[in-house]
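K.L.:
One structure coming up, written as structure tokens, with questions to follow.
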Amino acid sequence: MEIIKLNPRYIVSEGYAYGTLKCIEREIEPSKDLEIALDSLRESAKRLIRKLDAEYLPTPETLEIREIHKMILNDPLLWSEIESHAKNGKISIEELLKVRDKIINMLLETKNPLIMERQYDIKDIFNALITEISGEKRVKISPTDIVYLEEVYPSDVVELYKNRVGAILSRKGSHTSHAAILAMSLEIPYIYNVPDLHRYKDHQIFVDAVYGKLIIDPTPEQEQEIQKIINEYQKEKKELEKYSKLRFEEILVMANIGFPQEIEIAKKKGADGVGLFRTEFLFLNREHPPSEEEQFLIYKKVLEAFYPDMVIIRLLDIGGDKQIPYIEMPREENPFLGVRGIRFLLKHKDILITQLRALLRASRYGNLGILIPMVTKPEEVISVKKIIEKVREEIEEKSNFKIGIMVEVPAVIFSIEEFVPYIDFVSIGTNDLTQYMFAADRNNIEVSEYYDDESNVILTTIKLVADKLSKTSIPIAVCGELAGKPHMVEPLLKIGVKEFSVTPSKIPKIKKQIYNVISSKAYSKT
């Protein structure tokens, strides 16, 4: 028995699975001898398109990606490039791979993360074409098998879904790839950034894609516990479906999302809007900041998707554990207490202004809330509002939106009344608030015993904010991990919290708990 701990941040789609580990290899060995006539290659492409059309694809996301693949296969520019590498009406596998690599390099040269992700679609299509030509046989996959790949293509996810695979693991990946979108929409447990597992091929493996853990060859006692965990999870998942449709009169359960690909799963799980839309994904893993237009299209998409519900979009929260390569940031002894959040943005107003321009342009398409992170004093909010007014005049934008602050710096708790004239809502970020209250880095296992977001200290702190704002119309949301813990719902409701913002998968569970609490006689008497 061996346990491999994984970072939960690389969990794309939650769930549990137990089965035999199958490792899929697909390194294509170019053969100079293997050539194919262009006419035959076109016929292979047509067969692929017919296969795509014939496949049962149960979600809008799978249908959309199928259409993208068909469009690529029919693209005249693709065939023009293939023809340029052909000789005497034939092309070798080696030359076909050169075409693939040329297209991928063009995508990578854009430095746009969303466009760069399309490399996996190109790899997928060429892999399918070559498989069609060579008649290559794939590894046989049985129901409940756990599949490990170097990288996952969209067609892999569809094929594995049809085979009722237990879970997908990969070394490479991202939350924004088409494969990730499919895994989420089809609810197949999927984790990437997993270390090499080839030495465990055909071993039994338990995948915990909820907390991030693998158990290789569990003991008989562990197997019993694993089966119990899986059965209870499936039973609860089915039972929770009815709660996702609930709407409460005065209480909201909203979604925390970090990528636009999570929109559909958040809606499916019953989100009453978006309580926290993180924008960091737009700025990380690239060599230059995103343009105003690129940001505008993303913000517009999420606002339209949830209209008329509120969508709270947080301004870039960089610094601390998140750095961007195209801005020189001085080395800090303690970055979590340094230039991060609004402190960073006010030092880099060009980034702030571009983001605000995109947000204000998008505001006409939905119910927007702009959330300012890492606020310490009212002057920071005043500065942002001045920039907003200037931007509003420049782009002649007259639509309405709301402005709020993250309460995560302890000083704000004791001066919250000073912010009231400048804000419309408050979001309490209990993750950072807890680490600042207890002086304990939440990512440092050496001080984990001090980090306790369920303590009376944190609840008293939240109550203090609620009491101070009780005579205003300013709503209070909790958007940290605390909000996603069912047993903490009742204490939070009792101290005045009416908005919970949680990861999409936790929405039905929190709605169920709220329903149970407000239906109880004990709660109705309070």
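The chains in the structure tokens are called A, B, ... from first to last as shown; in each chain the residues are counted from 1, and the ligands are counted from 1 in the order shown.
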Using DSSP on the backbone coordinates, identify all residues within range 185-425 of chain A classified as strand (DSSP E or B); present the result as a PyMOL selection string.
P.N.:
chain A and resi 190-191+204-208+213-216+252-257+274-277+310-314+319+322+367-372+402-407+425
K.L.:
Identify, on the basis of only C-alpha atoms, every residue whose closest approach to range 13-17 of chain A does not exceed 9 Å; exclude the query and any residue fewer than 5 positions from it along the same chain; express the result as a PyMOL selection string.
P.N.:
chain A and resi 144-146+165-167+180+183-185+187-191+205-211+226+229-230+233-234+505
K.L.:
Compare A:His288, A:Lys471, A:Lys162, A:Lys242 by their minimum atom-to-atom distance to Gly270 in chain A, counting only C-alpha atoms, and give me the closest one.
P.N.:
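Counting only C-alpha atoms, the residue closest to Gly270 in chain A is A:Lys242.
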K.L.:
Leaving out range 427-436 of chain A and any residue of its chain fewer than 2 positions from it, which residues lie within 7 Å of it when counting only C-alpha atoms, given as a ChimeraX atom specification?
P.N.:
/A:405-410,425,438-442,451-453,458,476-482
K.L.:
Output as a Markdown table one row per residue of range 272-369 of chain A within 8 Å of range 106-122 of chain A: the closest atom pair and its distance in Å to one decimal place, counting only C-alpha atoms, sorted by chain and residue number ascending.
P.N.:
```
| residue | atom | partner | partner_atom | distance |
| --- | --- | --- | --- | --- |
| A:Leu282 | CA | A:Pro113 | CA | 7.8 |
| A:Asn285 | CA | A:Pro113 | CA | 7.0 |
| A:Arg286 | CA | A:Lys111 | CA | 5.8 |
| A:Glu287 | CA | A:Lys111 | CA | 6.4 |
| A:His288 | CA | A:Lys111 | CA | 7.6 |
| A:Pro290 | CA | A:Asn112 | CA | 7.8 |
```
K.L.:
So which residues touch Asp202 in chain A within 8 Å, counting only C-alpha atoms, skipping near sequence neighbours fewer than 3 positions away, as a list in words?
P.N.:
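Listed by chain and then number, they are Thr20, Leu21 and Lys22 of chain A.
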K.L.:
Show which residues sit within 7 Å of range 155-158 of chain A, as a list in words. Count only C-alpha atoms, and ignore same-chain residues fewer than 3 positions away.
P.N.:
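Within the cut-off, the hits are Asp124, Val152, Tyr161, Lys162, Ala179, Leu182 and Ala183 of chain A.
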K.L.:
Would you mind exporting the chosen residues as a PDB file, in the first residue's frame, restricted to C-alpha atoms?
P.N.:
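Result went into result38.pdb, see below:
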```pdb
ATOM      1  CA  ASP A 124      -6.167  15.369 -30.873  1.00  0.00           C
ATOM      2  CA  VAL A 152      -5.694  14.346 -22.218  1.00  0.00           C
ATOM      3  CA  TYR A 161     -17.090   8.463 -20.849  1.00  0.00           C
ATOM      4  CA  LYS A 162     -18.625   5.893 -23.210  1.00  0.00           C
ATOM      5  CA  ALA A 179     -10.632  18.122 -22.208  1.00  0.00           C
ATOM      6  CA  LEU A 182     -15.657  17.931 -21.063  1.00  0.00           C
ATOM      7  CA  ALA A 183     -14.572  16.149 -17.869  1.00  0.00           C
TER       8      ALA A 183
END
```
K.L.:
Grab the CA of Lys468 in chain A to CA of Arg247 in chain A distance for me, in Å with one decimal place.
P.N.:
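Atom-to-atom, CA of Lys468 in chain A and CA of Arg247 in chain A are spaced 27.3 Å apart.
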K.L.:
Identify, on the basis of only C-alpha atoms, every residue whose closest approach to Arg47 in chain A does not exceed 12 Å; exclude the query and any residue fewer than 3 positions from it along the same chain; express the result as number ranges by chain.
P.N.:
A: 40-44, 50-54, 70, 73, 128-129, 131-133
K.L.:
Contacts of Val420 in chain A at 10 Å or less, counting only C-alpha atoms, minus same-chain residues fewer than 3 places along, as a tab-separated table (two decimals) with N, CA and C atoms, in the first residue's frame?
P.N.:
```tsv
chain	number	residue	atom	x	y	z
A	378	PRO	N	-10.06	53.13	3.75
A	378	PRO	CA	-11.04	53.71	2.82
A	378	PRO	C	-10.40	54.47	1.66
A	404	GLY	N	-17.72	46.69	-4.08
A	404	GLY	CA	-17.59	46.11	-2.75
A	404	GLY	C	-16.14	45.86	-2.40
A	415	SER	N	-12.73	49.04	11.47
A	415	SER	CA	-13.00	50.36	10.87
A	415	SER	C	-14.04	50.27	9.77
A	416	ILE	N	-14.83	49.19	9.77
A	416	ILE	CA	-15.76	48.94	8.66
A	416	ILE	C	-16.74	50.08	8.45
A	417	GLU	N	-17.13	50.78	9.53
A	417	GLU	CA	-18.08	51.89	9.39
A	417	GLU	C	-17.53	52.99	8.49
A	423	ILE	N	-19.17	51.93	-0.35
A	423	ILE	CA	-19.35	50.55	-0.83
A	423	ILE	C	-20.82	50.13	-0.87
A	424	ASP	N	-21.08	49.08	-1.67
A	424	ASP	CA	-22.44	48.54	-1.80
A	424	ASP	C	-22.56	47.13	-1.21
A	425	PHE	N	-21.43	46.45	-1.03
A	425	PHE	CA	-21.47	45.09	-0.47
A	425	PHE	C	-20.12	44.74	0.12
A	426	VAL	N	-20.13	43.67	0.93
A	426	VAL	CA	-18.91	43.19	1.59
A	426	VAL	C	-18.79	41.69	1.39
A	468	LYS	N	-22.00	45.63	12.94
A	468	LYS	CA	-21.68	47.02	12.57
A	468	LYS	C	-22.42	47.46	11.31
A	469	LEU	N	-22.74	46.49	10.44
A	469	LEU	CA	-23.42	46.83	9.19
A	469	LEU	C	-24.93	46.56	9.24
A	472	THR	N	-27.34	49.19	8.07
A	472	THR	CA	-27.17	49.66	6.69
A	472	THR	C	-27.84	48.66	5.74
A	473	SER	N	-27.83	48.96	4.47
A	473	SER	CA	-28.39	48.02	3.48
A	473	SER	C	-27.29	47.20	2.81
A	474	ILE	N	-26.10	47.22	3.41
A	474	ILE	CA	-24.95	46.52	2.81
A	474	ILE	C	-24.98	45.03	3.15
```
